[in-house]
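Trainee: Input file: run_5.pdb. Contents: PDB, C-alpha atoms.
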ATOM      1  CA  MET W 244       0.000   0.000   0.000
ATOM      2  CA  ASN W 245       1.214   3.478  -0.875
ATOM      3  CA  PHE W 246       0.622   6.124   1.758
ATOM      4  CA  LEU W 247      -0.269   9.650   0.783
ATOM      5  CA  PHE W 248       2.930  11.032   2.280
ATOM      6  CA  GLU W 249       4.843   8.843  -0.198
ATOM      7  CA  THR W 250       3.181  10.566  -3.146
ATOM      8  CA  ILE W 251       3.077  14.091  -1.670
ATOM      9  CA  THR W 252       6.674  14.582  -0.625
ATOM     10  CA  GLN W 253       8.275  17.573   1.032
ATOM     11  CA  ASN W 254      11.815  18.130   2.258
ATOM     12  CA  PHE W 255      11.962  20.620   5.099
ATOM     13  CA  ASN W 256      15.044  22.665   5.698
ATOM     14  CA  ASP W 257      15.332  23.871   9.285
ATOM     15  CA  ASN W 258      16.378  27.327   8.144
ATOM     16  CA  GLU W 259      13.395  27.564   5.783
ATOM     17  CA  VAL W 260      10.948  26.665   8.534
ATOM     18  CA  ASN W 261      12.573  28.975  11.069
ATOM     19  CA  GLU W 262      12.713  31.906   8.650
ATOM     20  CA  SER W 263       9.088  31.439   7.560
ATOM     21  CA  VAL W 264       7.912  31.267  11.160
ATOM     22  CA  ALA W 265       9.982  34.318  12.072
ATOM     23  CA  ASP W 266       8.244  36.226   9.261
ATOM     24  CA  SER W 267       4.827  35.115  10.523
ATOM     25  CA  ILE W 268       5.685  36.205  14.067
ATOM     26  CA  LYS W 269       6.864  39.565  12.746
ATOM     27  CA  ASN W 270       3.697  40.000  10.673
ATOM     28  CA  SER W 271       1.465  39.031  13.605
ATOM     29  CA  VAL W 272       2.269  42.400  15.203
ATOM     30  CA  ASN W 273       0.166  44.002  12.457
ATOM     31  CA  LEU W 274      -2.855  41.970  13.609
ATOM     32  CA  LYS W 275      -3.120  43.690  16.994
ATOM     33  CA  THR W 276      -6.582  45.114  16.327
ATOM     34  CA  ASN W 277     -10.071  44.257  17.587
ATOM     35  CA  GLN W 278     -10.892  42.682  14.226
ATOM     36  CA  TRP W 279      -8.329  39.948  14.767
ATOM     37  CA  TYR W 280      -8.951  39.634  18.499
ATOM     38  CA  LYS W 281     -12.602  38.962  17.717
ATOM     39  CA  LEU W 282     -11.661  36.382  15.097
ATOM     40  CA  ALA W 283      -9.442  34.585  17.606
ATOM     41  CA  LEU W 284     -12.248  34.643  20.188
ATOM     42  CA  SER W 285     -14.698  33.142  17.696
ATOM     43  CA  CYS W 286     -12.276  30.281  16.990
ATOM     44  CA  ILE W 287     -11.666  29.183  20.582
ATOM     45  CA  ASP W 288     -12.471  25.690  21.798
ATOM     46  CA  LEU W 289     -13.039  26.666  25.439
ATOM     47  CA  THR W 290     -11.311  23.756  27.117
ATOM     48  CA  THR W 291     -11.167  22.173  30.546
ATOM     49  CA  LEU W 292      -9.339  18.862  30.799
ATOM     50  CA  ASN W 293      -8.379  18.538  34.443
ATOM     51  CA  SER W 294      -8.627  15.478  36.672
ATOM     52  CA  THR W 295     -10.730  17.595  39.050
ATOM     53  CA  ASP W 296     -13.420  18.404  36.457
ATOM     54  CA  SER W 297     -16.961  17.663  37.609
ATOM     55  CA  HIS W 298     -20.545  17.769  36.350
ATOM     56  CA  LEU W 299     -21.017  21.041  38.217
ATOM     57  CA  GLN W 300     -18.037  22.572  36.466
ATOM     58  CA  GLY W 301     -19.407  21.420  33.108
ATOM     59  CA  GLU W 302     -22.735  23.065  33.864
ATOM     60  CA  GLN W 303     -21.003  26.288  34.920
ATOM     61  CA  ILE W 304     -18.936  26.501  31.754
ATOM     62  CA  ALA W 305     -22.013  25.882  29.613
ATOM     63  CA  ALA W 306     -23.936  28.551  31.537
ATOM     64  CA  LYS W 307     -21.151  31.091  30.979
ATOM     65  CA  VAL W 308     -21.104  30.399  27.241
ATOM     66  CA  THR W 309     -24.909  30.521  27.083
ATOM     67  CA  ALA W 310     -24.973  33.916  28.843
ATOM     68  CA  PHE W 311     -22.085  35.343  26.809
ATOM     69  CA  PRO W 312     -24.161  37.174  24.125
ATOM     70  CA  GLU W 313     -26.027  39.074  26.828
ATOM     71  CA  ALA W 314     -22.879  39.826  28.827
ATOM     72  CA  PHE W 315     -20.902  40.954  25.760
ATOM     73  CA  PRO W 316     -23.354  42.105  23.076
ATOM     74  CA  GLY W 317     -21.808  42.436  19.657
ATOM     75  CA  LEU W 318     -18.919  40.087  20.348
ATOM     76  CA  PRO W 319     -18.681  36.601  18.829
ATOM     77  CA  ASN W 320     -19.075  33.637  21.133
ATOM     78  CA  VAL W 321     -16.505  30.860  21.346
ATOM     79  CA  ALA W 322     -16.616  28.083  18.744
ATOM     80  CA  ALA W 323     -16.964  25.129  21.104
ATOM     81  CA  ILE W 324     -16.662  23.771  24.616
ATOM     82  CA  CYS W 325     -14.208  20.859  24.913
ATOM     83  CA  VAL W 326     -14.399  18.520  27.912
ATOM     84  CA  TYR W 327     -13.820  14.968  29.106
ATOM     85  CA  PRO W 328     -16.452  12.335  28.155
ATOM     86  CA  SER W 329     -17.764  12.068  31.712
ATOM     87  CA  ILE W 330     -19.173  15.607  31.717
ATOM     88  CA  VAL W 331     -20.420  15.837  28.120
ATOM     89  CA  GLU W 332     -23.993  15.133  29.206
ATOM     90  CA  SER W 333     -23.932  17.916  31.834
ATOM     91  CA  VAL W 334     -22.604  20.429  29.321
ATOM     92  CA  LYS W 335     -25.179  19.322  26.748
ATOM     93  CA  LYS W 336     -28.077  19.897  29.176
ATOM     94  CA  SER W 337     -26.901  23.402  30.098
ATOM     95  CA  LEU W 338     -25.624  24.695  26.750
ATOM     96  CA  GLN W 339     -28.142  26.939  25.004
ATOM     97  CA  ALA W 340     -25.862  28.983  22.748
ATOM     98  CA  ASN W 341     -26.504  29.156  19.028
ATOM     99  CA  GLY W 342     -23.686  27.780  16.909
ATOM    100  CA  VAL W 343     -21.459  26.657  19.791
ATOM    101  CA  LYS W 344     -20.302  23.065  19.344
ATOM    102  CA  LEU W 345     -19.783  20.462  22.050
ATOM    103  CA  ALA W 346     -16.441  18.691  21.736
ATOM    104  CA  SER W 347     -15.143  15.753  23.723
ATOM    105  CA  VAL W 348     -11.736  14.162  23.918
ATOM    106  CA  SER W 349     -12.010  10.432  23.380
ATOM    107  CA  ALA W 350     -10.296   7.173  22.458
ATOM    108  CA  GLY W 351      -7.947   6.901  25.404
ATOM    109  CA  PHE W 352      -7.005  10.572  25.638
ATOM    110  CA  PRO W 353      -4.321  11.756  26.288
ATOM    111  CA  SER W 354      -2.050   8.738  25.663
ATOM    112  CA  SER W 355      -4.184   6.717  23.211
ATOM    113  CA  GLN W 356      -2.802   3.623  24.947
ATOM    114  CA  THR W 357      -5.838   1.387  25.163
ATOM    115  CA  PHE W 358      -7.649  -1.211  23.061
ATOM    116  CA  LEU W 359      -9.153  -0.108  19.766
ATOM    117  CA  ASP W 360     -12.498  -1.645  20.774
ATOM    118  CA  VAL W 361     -12.483   0.575  23.869
ATOM    119  CA  LYS W 362     -11.630   3.625  21.757
ATOM    120  CA  VAL W 363     -14.490   2.864  19.382
ATOM    121  CA  LEU W 364     -16.972   2.314  22.207
ATOM    122  CA  GLU W 365     -15.974   5.506  24.024
ATOM    123  CA  THR W 366     -16.257   7.517  20.811
ATOM    124  CA  MET W 367     -19.677   6.096  19.990
ATOM    125  CA  MET W 368     -20.863   6.745  23.544
ATOM    126  CA  VAL W 369     -19.872  10.428  23.613
ATOM    127  CA  VAL W 370     -21.408  11.022  20.194
ATOM    128  CA  GLY W 371     -24.546   9.276  21.419
ATOM    129  CA  ILE W 372     -24.935  11.640  24.384
ATOM    130  CA  GLY W 373     -24.455  14.794  22.376
ATOM    131  CA  ALA W 374     -20.844  15.516  21.386
ATOM    132  CA  ASN W 375     -20.647  16.767  17.823
ATOM    133  CA  GLU W 376     -16.856  17.060  17.691
ATOM    134  CA  ILE W 377     -14.387  14.372  18.803
ATOM    135  CA  ASP W 378     -10.708  14.973  19.617
ATOM    136  CA  ILE W 379      -8.551  11.836  19.530
ATOM    137  CA  VAL W 380      -4.791  11.297  19.809
ATOM    138  CA  LEU W 381      -2.741   9.717  17.051
ATOM    139  CA  ASN W 382      -1.344   6.355  18.178
ATOM    140  CA  LEU W 383       2.204   7.586  18.754
ATOM    141  CA  GLY W 384       3.582   4.164  19.660
ATOM    142  CA  ASN W 385       2.604   2.767  16.281
ATOM    143  CA  PHE W 386       3.563   5.942  14.430
ATOM    144  CA  LEU W 387       7.056   6.189  15.913
ATOM    145  CA  SER W 388       7.534   2.449  15.217
ATOM    146  CA  GLU W 389       6.658   3.249  11.580
ATOM    147  CA  ASP W 390       3.608   0.980  11.683
ATOM    148  CA  TYR W 391       1.792   3.471   9.512
ATOM    149  CA  LEU W 392      -0.872   1.035   8.294
ATOM    150  CA  SER W 393      -2.095   0.466  11.869
ATOM    151  CA  VAL W 394      -2.194   4.231  12.445
ATOM    152  CA  LEU W 395      -4.197   4.781   9.270
ATOM    153  CA  ARG W 396      -6.642   1.972   9.974
ATOM    154  CA  GLU W 397      -7.251   3.154  13.533
ATOM    155  CA  ILE W 398      -8.035   6.718  12.487
ATOM    156  CA  SER W 399     -10.305   5.461   9.710
ATOM    157  CA  THR W 400     -12.138   3.181  12.152
ATOM    158  CA  LEU W 401     -12.622   5.993  14.661
ATOM    159  CA  LYS W 402     -13.818   8.314  11.914
ATOM    160  CA  LYS W 403     -16.594   5.820  11.146
ATOM    161  CA  SER W 404     -17.405   5.635  14.867
ATOM    162  CA  CYS W 405     -17.977   9.409  14.897
ATOM    163  CA  ASP W 406     -21.057   9.119  12.692
ATOM    164  CA  SER W 407     -21.813  12.744  11.703
ATOM    165  CA  ALA W 408     -19.532  14.306  14.336
ATOM    166  CA  HIS W 409     -16.321  15.972  13.194
ATOM    167  CA  LEU W 410     -13.056  14.208  13.998
ATOM    168  CA  LYS W 411      -9.997  16.137  15.203
ATOM    169  CA  VAL W 412      -6.765  14.124  15.291
ATOM    170  CA  ILE W 413      -4.136  15.316  17.777
ATOM    171  CA  LEU W 414      -0.610  14.672  16.514
ATOM    172  CA  GLU W 415       1.203  15.450  19.789
ATOM    173  CA  THR W 416       3.938  17.123  17.769
ATOM    174  CA  GLY W 417       6.205  17.549  20.783
ATOM    175  CA  ALA W 418       6.751  13.774  20.779
ATOM    176  CA  ILE W 419       7.400  13.543  17.041
ATOM    177  CA  LYS W 420      10.362  15.941  17.023
ATOM    178  CA  SER W 421      11.233  16.154  13.305
ATOM    179  CA  TYR W 422       9.477  18.328  10.742
ATOM    180  CA  SER W 423       9.343  15.408   8.288
ATOM    181  CA  GLY W 424       7.664  13.311  10.990
ATOM    182  CA  ILE W 425       5.045  15.997  11.621
ATOM    183  CA  TRP W 426       4.460  16.131   7.857
ATOM    184  CA  ARG W 427       3.911  12.360   7.671
ATOM    185  CA  ALA W 428       1.639  12.352  10.708
ATOM    186  CA  SER W 429      -0.433  15.199   9.255
ATOM    187  CA  LEU W 430      -0.973  13.439   5.944
ATOM    188  CA  LEU W 431      -1.724  10.090   7.621
ATOM    189  CA  ALA W 432      -4.372  11.727   9.804
ATOM    190  CA  MET W 433      -6.000  13.429   6.827
ATOM    191  CA  GLU W 434      -5.836  10.271   4.729
ATOM    192  CA  GLY W 435      -7.602   8.474   7.592
ATOM    193  CA  GLY W 436     -10.470  10.971   7.473
ATOM    194  CA  ALA W 437      -9.574  13.722   9.948
ATOM    195  CA  ASP W 438     -11.712  16.830   9.627
ATOM    196  CA  PHE W 439      -9.104  18.739  11.665
ATOM    197  CA  ILE W 440      -5.515  18.090  12.604
ATOM    198  CA  LYS W 441      -4.428  19.431  15.986
ATOM    199  CA  THR W 442      -1.011  20.161  17.437
ATOM    200  CA  SER W 443      -1.085  18.698  20.919
ATOM    201  CA  THR W 444      -2.953  17.506  23.989
ATOM    202  CA  GLY W 445      -1.445  20.150  26.262
ATOM    203  CA  LYS W 446      -0.358  17.315  28.532
ATOM    204  CA  MET W 447       3.310  17.237  27.475
ATOM    205  CA  GLU W 448       6.060  19.675  26.530
ATOM    206  CA  PRO W 449       6.615  21.122  24.083
ATOM    207  CA  ALA W 450       2.938  21.639  23.315
ATOM    208  CA  ALA W 451       1.879  23.855  20.399
ATOM    209  CA  THR W 452       4.752  25.537  18.576
ATOM    210  CA  PRO W 453       4.615  27.902  15.601
ATOM    211  CA  GLU W 454       7.085  25.667  13.748
ATOM    212  CA  ALA W 455       4.871  22.582  14.064
ATOM    213  CA  ALA W 456       1.863  24.667  13.060
ATOM    214  CA  TRP W 457       3.639  25.911   9.942
ATOM    215  CA  VAL W 458       4.493  22.351   8.836
ATOM    216  CA  MET W 459       0.952  21.132   9.560
ATOM    217  CA  CYS W 460      -0.546  23.988   7.546
ATOM    218  CA  GLN W 461       1.797  23.189   4.664
ATOM    219  CA  ALA W 462       0.503  19.603   4.786
ATOM    220  CA  ILE W 463      -3.107  20.809   4.795
ATOM    221  CA  LYS W 464      -2.348  23.009   1.785
ATOM    222  CA  SER W 465      -0.752  20.121  -0.124
ATOM    223  CA  TYR W 466      -3.615  17.789   0.811
ATOM    224  CA  PHE W 467      -6.148  20.311  -0.475
ATOM    225  CA  GLU W 468      -4.230  20.743  -3.736
ATOM    226  CA  LYS W 469      -4.150  16.946  -4.156
ATOM    227  CA  THR W 470      -7.717  16.092  -3.143
ATOM    228  CA  GLY W 471      -9.794  19.277  -3.153
ATOM    229  CA  ILE W 472     -10.737  18.567   0.481
ATOM    230  CA  ARG W 473     -10.332  21.326   3.058
ATOM    231  CA  VAL W 474      -9.124  20.068   6.432
ATOM    232  CA  GLY W 475      -9.102  22.338   9.459
ATOM    233  CA  PHE W 476      -6.160  23.238  11.694
ATOM    234  CA  LYS W 477      -6.287  23.465  15.484
ATOM    235  CA  ALA W 478      -3.517  24.883  17.638
ATOM    236  CA  ALA W 479      -3.690  23.766  21.267
ATOM    237  CA  GLY W 480      -1.455  23.560  24.287
ATOM    238  CA  GLY W 481       0.034  26.530  26.112
ATOM    239  CA  ILE W 482      -1.688  29.231  24.058
ATOM    240  CA  VAL W 483      -2.508  31.835  26.693
ATOM    241  CA  GLU W 484      -1.575  35.343  25.591
ATOM    242  CA  THR W 485      -3.366  37.393  22.951
ATOM    243  CA  SER W 486      -0.097  37.720  21.049
ATOM    244  CA  ASP W 487       0.223  33.913  20.930
ATOM    245  CA  SER W 488      -3.131  33.561  19.186
ATOM    246  CA  LEU W 489      -2.167  36.180  16.607
ATOM    247  CA  ILE W 490       0.949  34.207  15.667
ATOM    248  CA  TYR W 491      -1.171  31.184  14.744
ATOM    249  CA  ILE W 492      -3.624  33.375  12.853
ATOM    250  CA  SER W 493      -0.680  34.839  10.943
ATOM    251  CA  ILE W 494       0.627  31.372  10.028
ATOM    252  CA  VAL W 495      -2.780  30.184   8.819
ATOM    253  CA  LYS W 496      -3.301  33.421   6.882
ATOM    254  CA  GLU W 497       0.054  33.200   5.121
ATOM    255  CA  VAL W 498       0.132  29.458   4.392
ATOM    256  CA  LEU W 499      -3.537  28.622   3.799
ATOM    257  CA  GLY W 500      -5.113  31.999   3.094
ATOM    258  CA  ASP W 501      -8.138  33.885   4.338
ATOM    259  CA  GLU W 502     -10.449  30.993   3.370
ATOM    260  CA  TRP W 503      -9.244  29.142   6.463
ATOM    261  CA  LEU W 504      -9.725  32.079   8.816
ATOM    262  CA  ASN W 505     -13.068  31.054  10.296
ATOM    263  CA  ASN W 506     -14.118  28.615  12.984
ATOM    264  CA  THR W 507     -15.140  25.916  10.536
ATOM    265  CA  LEU W 508     -11.496  25.473   9.512
ATOM    266  CA  PHE W 509      -9.451  27.059  12.316
ATOM    267  CA  ARG W 510      -9.577  26.526  16.055
ATOM    268  CA  ILE W 511      -7.524  27.412  19.105
ATOM    269  CA  GLY W 512      -7.768  25.103  22.097
ATOM    270  CA  ALA W 513      -7.469  27.240  25.214
ATOM    271  CA  SER W 514      -8.845  28.080  28.636
ATOM    272  CA  ARG W 515      -7.244  31.330  29.818
ATOM    273  CA  LEU W 516      -6.916  32.843  26.335
ATOM    274  CA  ALA W 517     -10.597  33.816  26.148
ATOM    275  CA  ASN W 518     -10.300  36.191  29.106
ATOM    276  CA  ASN W 519      -7.105  37.704  27.719
ATOM    277  CA  LEU W 520      -8.749  38.338  24.343
ATOM    278  CA  LEU W 521     -11.740  39.935  26.050
ATOM    279  CA  SER W 522      -9.338  42.123  28.040
ATOM    280  CA  SER W 523      -7.587  43.198  24.837
ATOM    281  CA  ILE W 524     -10.900  44.007  23.155
ATOM    282  CA  LYS W 525     -12.300  45.918  26.141
ATOM    283  CA  GLY W 526      -9.051  47.637  27.082
ATOM    284  CA  GLU W 527      -9.442  46.526  30.707
ATOM    285  CA  LYS W 528      -9.003  43.373  32.760
ATOM    286  CA  VAL W 529     -11.839  40.899  32.116
ATOM    287  CA  LEU W 530     -12.275  37.670  34.084
ATOM    288  CA  TYR W 531     -15.477  36.230  32.676
ATOM    289  CA  PHE W 532     -14.648  32.601  31.921
TER
END
Could you express the structure from this file as structure tokens?

Mentor:
Amino acid sequence: MNFLFETITQNFNDNEVNESVADSIKNSVNLKTNQWYKLALSCIDLTTLNSTDSHLQGEQIAAKVTAFPEAFPGLPNVAAICVYPSIVESVKKSLQANGVKLASVSAGFPSSQTFLDVKVLETMMVVGIGANEIDIVLNLGNFLSEDYLSVLREISTLKKSCDSAHLKVILETGAIKSYSGIWRASLLAMEGGADFIKTSTGKMEPAATPEAAWVMCQAIKSYFEKTGIRVGFKAAGGIVETSDSLIYISIVKEVLGDEWLNNTLFRIGASRLANNLLSSIKGEKVLYF
């Protein structure tokens, strides 16, 4: 079997990647306006993935998002709430916000080290109780062992388990190390049916990096040119400051173009970022979420 990364090849030079990212970081300074802050806010997956999360916390997050349009009239709401499977039902019952999706991590998050049957069952269960977006982790053990067929088959199987829900595949780029490895992982995930590819779980370091994002966006661009299918990009893990979000917007803008600059094709997984964006927009400290 020929994998897509064998037919869409790319040789990354460290200097090329570093220079391109440096340009994007430099250009991100020009995005320090409310227009871009609002875009970033509208693309946030408001995330809580702590071992202390509870049903009450899920209800509280959903209530905050539901009340957001009244609290901040004229501002866009977040794109989604992302939680553990155990509190999906509580969020679903309390979430009454138009257009806001309910995402759940699944399939043995964050390590992906469990049986495929368990991953499938968990995914089907969270979709069944209301999640319409599923975030899974690429099987790093198989990927780093170069068992690419197993990786591809697992993603494809989990995509089918999602039914109509969107599938986001987390590459955990901090564990992959090389740019060529991130490229291969990106194309494998998309070949398996990913609707989004995502940088990291936020559970290991390094988490999201502009360099990994640049390579992933290049893979998305090449995949689109090859297939005509638009796959989304999600940056997640350690994105806290307003300036951080603008760097990822700048990378997406420069590599993929304005067509990707909306919350159907671009997301930022974050918790504290939402308050910092609101503070930048309002010009004063905001602690809403």

Trainee: Enumerate, as an mmCIF file with C-alpha atoms, in the frame of the given file, the residues matched when the PyMOL selection byres ((chain W and resi 439) around 10) is run on the file above.

Mentor:
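The new file result.cif reads:
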data_model
loop_
_atom_site.group_PDB
_atom_site.id
_atom_site.type_symbol
_atom_site.label_atom_id
_atom_site.label_comp_id
_atom_site.auth_asym_id
_atom_site.auth_seq_id
_atom_site.Cartn_x
_atom_site.Cartn_y
_atom_site.Cartn_z
ATOM 1 C CA GLU W 376 -16.856 17.060 17.691
ATOM 2 C CA ILE W 377 -14.387 14.372 18.803
ATOM 3 C CA ASP W 378 -10.708 14.973 19.617
ATOM 4 C CA HIS W 409 -16.321 15.972 13.194
ATOM 5 C CA LEU W 410 -13.056 14.208 13.998
ATOM 6 C CA LYS W 411 -9.997 16.137 15.203
ATOM 7 C CA VAL W 412 -6.765 14.124 15.291
ATOM 8 C CA ILE W 413 -4.136 15.316 17.777
ATOM 9 C CA SER W 429 -0.433 15.199 9.255
ATOM 10 C CA ALA W 432 -4.372 11.727 9.804
ATOM 11 C CA MET W 433 -6.000 13.429 6.827
ATOM 12 C CA GLY W 436 -10.470 10.971 7.473
ATOM 13 C CA ALA W 437 -9.574 13.722 9.948
ATOM 14 C CA ASP W 438 -11.712 16.830 9.627
ATOM 15 C CA ILE W 440 -5.515 18.090 12.604
ATOM 16 C CA LYS W 441 -4.428 19.431 15.986
ATOM 17 C CA ILE W 463 -3.107 20.809 4.795
ATOM 18 C CA ARG W 473 -10.332 21.326 3.058
ATOM 19 C CA VAL W 474 -9.124 20.068 6.432
ATOM 20 C CA GLY W 475 -9.102 22.338 9.459
ATOM 21 C CA PHE W 476 -6.160 23.238 11.694
ATOM 22 C CA LYS W 477 -6.287 23.465 15.484
ATOM 23 C CA THR W 507 -15.140 25.916 10.536
ATOM 24 C CA LEU W 508 -11.496 25.473 9.512
ATOM 25 C CA PHE W 509 -9.451 27.059 12.316
ATOM 26 C CA ARG W 510 -9.577 26.526 16.055
#

Trainee: Do you know which residues are at most 12 Å from region 337-343 of chain W counting all atoms listed in the file, after dropping those on the same chain fewer than 2 positions away, and could you put them as a ChimeraX atom specification?

Mentor: /W:285-289,298-313,319-325,330-335,345-346,373-376,506-507

Trainee: Just the number, please: distance in Å from CA of Ala479 (chain W) to CA of Leu395 (chain W), one decimal.

Mentor: 22.5 Å

Trainee: Have a look at W:Ala451, W:Ile524, W:Ala283, W:Leu431 and name the one nearest to Thr416 (chain W); count all atoms listed in the file.

Mentor: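 Counting all atoms listed in the file, the residue closest to Thr416 (chain W) is W:Ala451.
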
Trainee: Of the candidates W:Thr442, W:Thr290, W:Asn505, W:Thr470, which shows the shortest atom-to-atom distance to Ile492 (chain W), using all atoms listed in the file?

Mentor: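 The shortest atom-to-atom distance to Ile492 (chain W) comes from W:Asn505.
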
Trainee: For region 382-391 of chain W, find every residue with an atom within 6 Å (counting only C-alpha atoms), except residues of its own chain fewer than 2 positions away, and show them as an NGL selection string.

Mentor: :W and (355 or 393-394)

Trainee: Residues at most 7 Å from Lys464 (chain W), counting all atoms listed in the file, excluding those fewer than 4 positions away in the same chain, as a PDB file with C-alpha atoms, in the coordinates of the input?

Mentor:
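As a result, part16.pdb now contains:
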ATOM      1  CA  CYS W 460      -0.546  23.988   7.546  1.00  0.00           C
ATOM      2  CA  GLU W 468      -4.230  20.743  -3.736  1.00  0.00           C
ATOM      3  CA  LEU W 499      -3.537  28.622   3.799  1.00  0.00           C
TER       4      LEU W 499
END

Trainee: Looking at all atoms listed in the file, which of W:Ser421, W:Ser488, W:Ser263, W:Thr444 is the one that sits closest to Thr291 (chain W)?

Mentor: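 Of all the options, W:Thr444 lies closest to Thr291 (chain W).
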
Trainee: Write out as JSON, numbers by chain each polymer residue whose atoms come within 12 Å of Ser404 (chain W), counting all atoms listed in the file; drop sequence neighbours fewer than 5 positions from it.

Mentor: {"W": [349, 350, 359, 360, 361, 362, 363, 364, 365, 366, 367, 368, 369, 370, 371, 375, 376, 377, 379, 397, 398, 399, 409, 410, 436]}

Trainee: For the atom pair CA of Tyr327 (chain W) and CA of Ala513 (chain W), what is the interatomic distance in Å to one decimal place?

Mentor: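 For CA of Tyr327 (chain W) relative to CA of Ala513 (chain W), the distance reads 14.4 Å.
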
Trainee: When distances are computed from only C-alpha atoms, which of W:Tyr491, W:Trp426, W:Trp279, W:Phe352 shows the smallest separation from Gly512 (chain W)?

Mentor: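 Of the candidates, the smallest distance to Gly512 (chain W) is held by W:Tyr491.
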
Trainee: How many Å separate CA of Ala265 (chain W) from CA of Ser486 (chain W)?

Mentor: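 So the answer is 13.9 Å.
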
Trainee: Around (-0.7, 27.6, 13.2) in the file's frame, which residues reach within 6 Å when counting all atoms listed in the file? Return as a ChimeraX atom specification?

Mentor: /W:453,456-457,478,491,494-495

Trainee: Go through W:Lys275, W:Lys281, W:Arg427, W:Lys469 and flag the residue nearest Phe246 (chain W), using all atoms listed in the file for the distances.

Mentor: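 Smallest separation from Phe246 (chain W) among the options: W:Arg427.
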
Trainee: Evaluate the PyMOL selection byres ((chain W and resi 269) around 12) and record the selected residues as a list in words, following the chain and residue labels used in the document.

Mentor: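 The output of the PyMOL selection byres ((chain W and resi 269) around 12) on this file is Glu262, Ser263, Val264, Ala265, Asp266, Ser267, Ile268, Asn270, Ser271, Val272, Asn273, Leu274, Lys275, Ser486, Asp487, Leu489, Ile490, Tyr491, Ser493 and Ile494 of chain W.
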
Trainee: Since fewer atoms than expected are present, regenerate N, CA and C atoms for region 422-435 of chain W and write them as a compact mmCIF listing (two decimals), in the coordinates of the input.

Mentor:
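File result17.txt, as written:
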# COMPACT_ATOMS: atom_id res chain seq x y z
N TYR W 422 10.46 17.72 11.63
CA TYR W 422 9.48 18.33 10.74
C TYR W 422 8.94 17.31 9.74
N SER W 423 9.81 16.43 9.24
CA SER W 423 9.34 15.41 8.29
C SER W 423 8.37 14.44 8.96
N GLY W 424 8.58 14.16 10.26
CA GLY W 424 7.66 13.31 10.99
C GLY W 424 6.31 13.97 11.17
N ILE W 425 6.30 15.26 11.48
CA ILE W 425 5.04 16.00 11.62
C ILE W 425 4.30 16.02 10.29
N TRP W 426 5.05 16.17 9.21
CA TRP W 426 4.46 16.13 7.86
C TRP W 426 3.79 14.78 7.60
N ARG W 427 4.48 13.69 7.89
CA ARG W 427 3.91 12.36 7.67
C ARG W 427 2.68 12.14 8.54
N ALA W 428 2.77 12.54 9.80
CA ALA W 428 1.64 12.35 10.71
C ALA W 428 0.43 13.15 10.23
N SER W 429 0.65 14.35 9.76
CA SER W 429 -0.43 15.20 9.26
C SER W 429 -1.15 14.54 8.08
N LEU W 430 -0.38 14.05 7.13
CA LEU W 430 -0.97 13.44 5.94
C LEU W 430 -1.65 12.11 6.27
N LEU W 431 -1.08 11.34 7.20
CA LEU W 431 -1.72 10.09 7.62
C LEU W 431 -3.08 10.37 8.26
N ALA W 432 -3.12 11.38 9.14
CA ALA W 432 -4.37 11.73 9.80
C ALA W 432 -5.43 12.15 8.80
N MET W 433 -5.04 12.96 7.83
CA MET W 433 -6.00 13.43 6.83
C MET W 433 -6.42 12.29 5.91
N GLU W 434 -5.49 11.43 5.56
CA GLU W 434 -5.84 10.27 4.73
C GLU W 434 -6.81 9.36 5.46
N GLY W 435 -6.69 9.29 6.80
CA GLY W 435 -7.60 8.47 7.59
C GLY W 435 -8.98 9.08 7.78
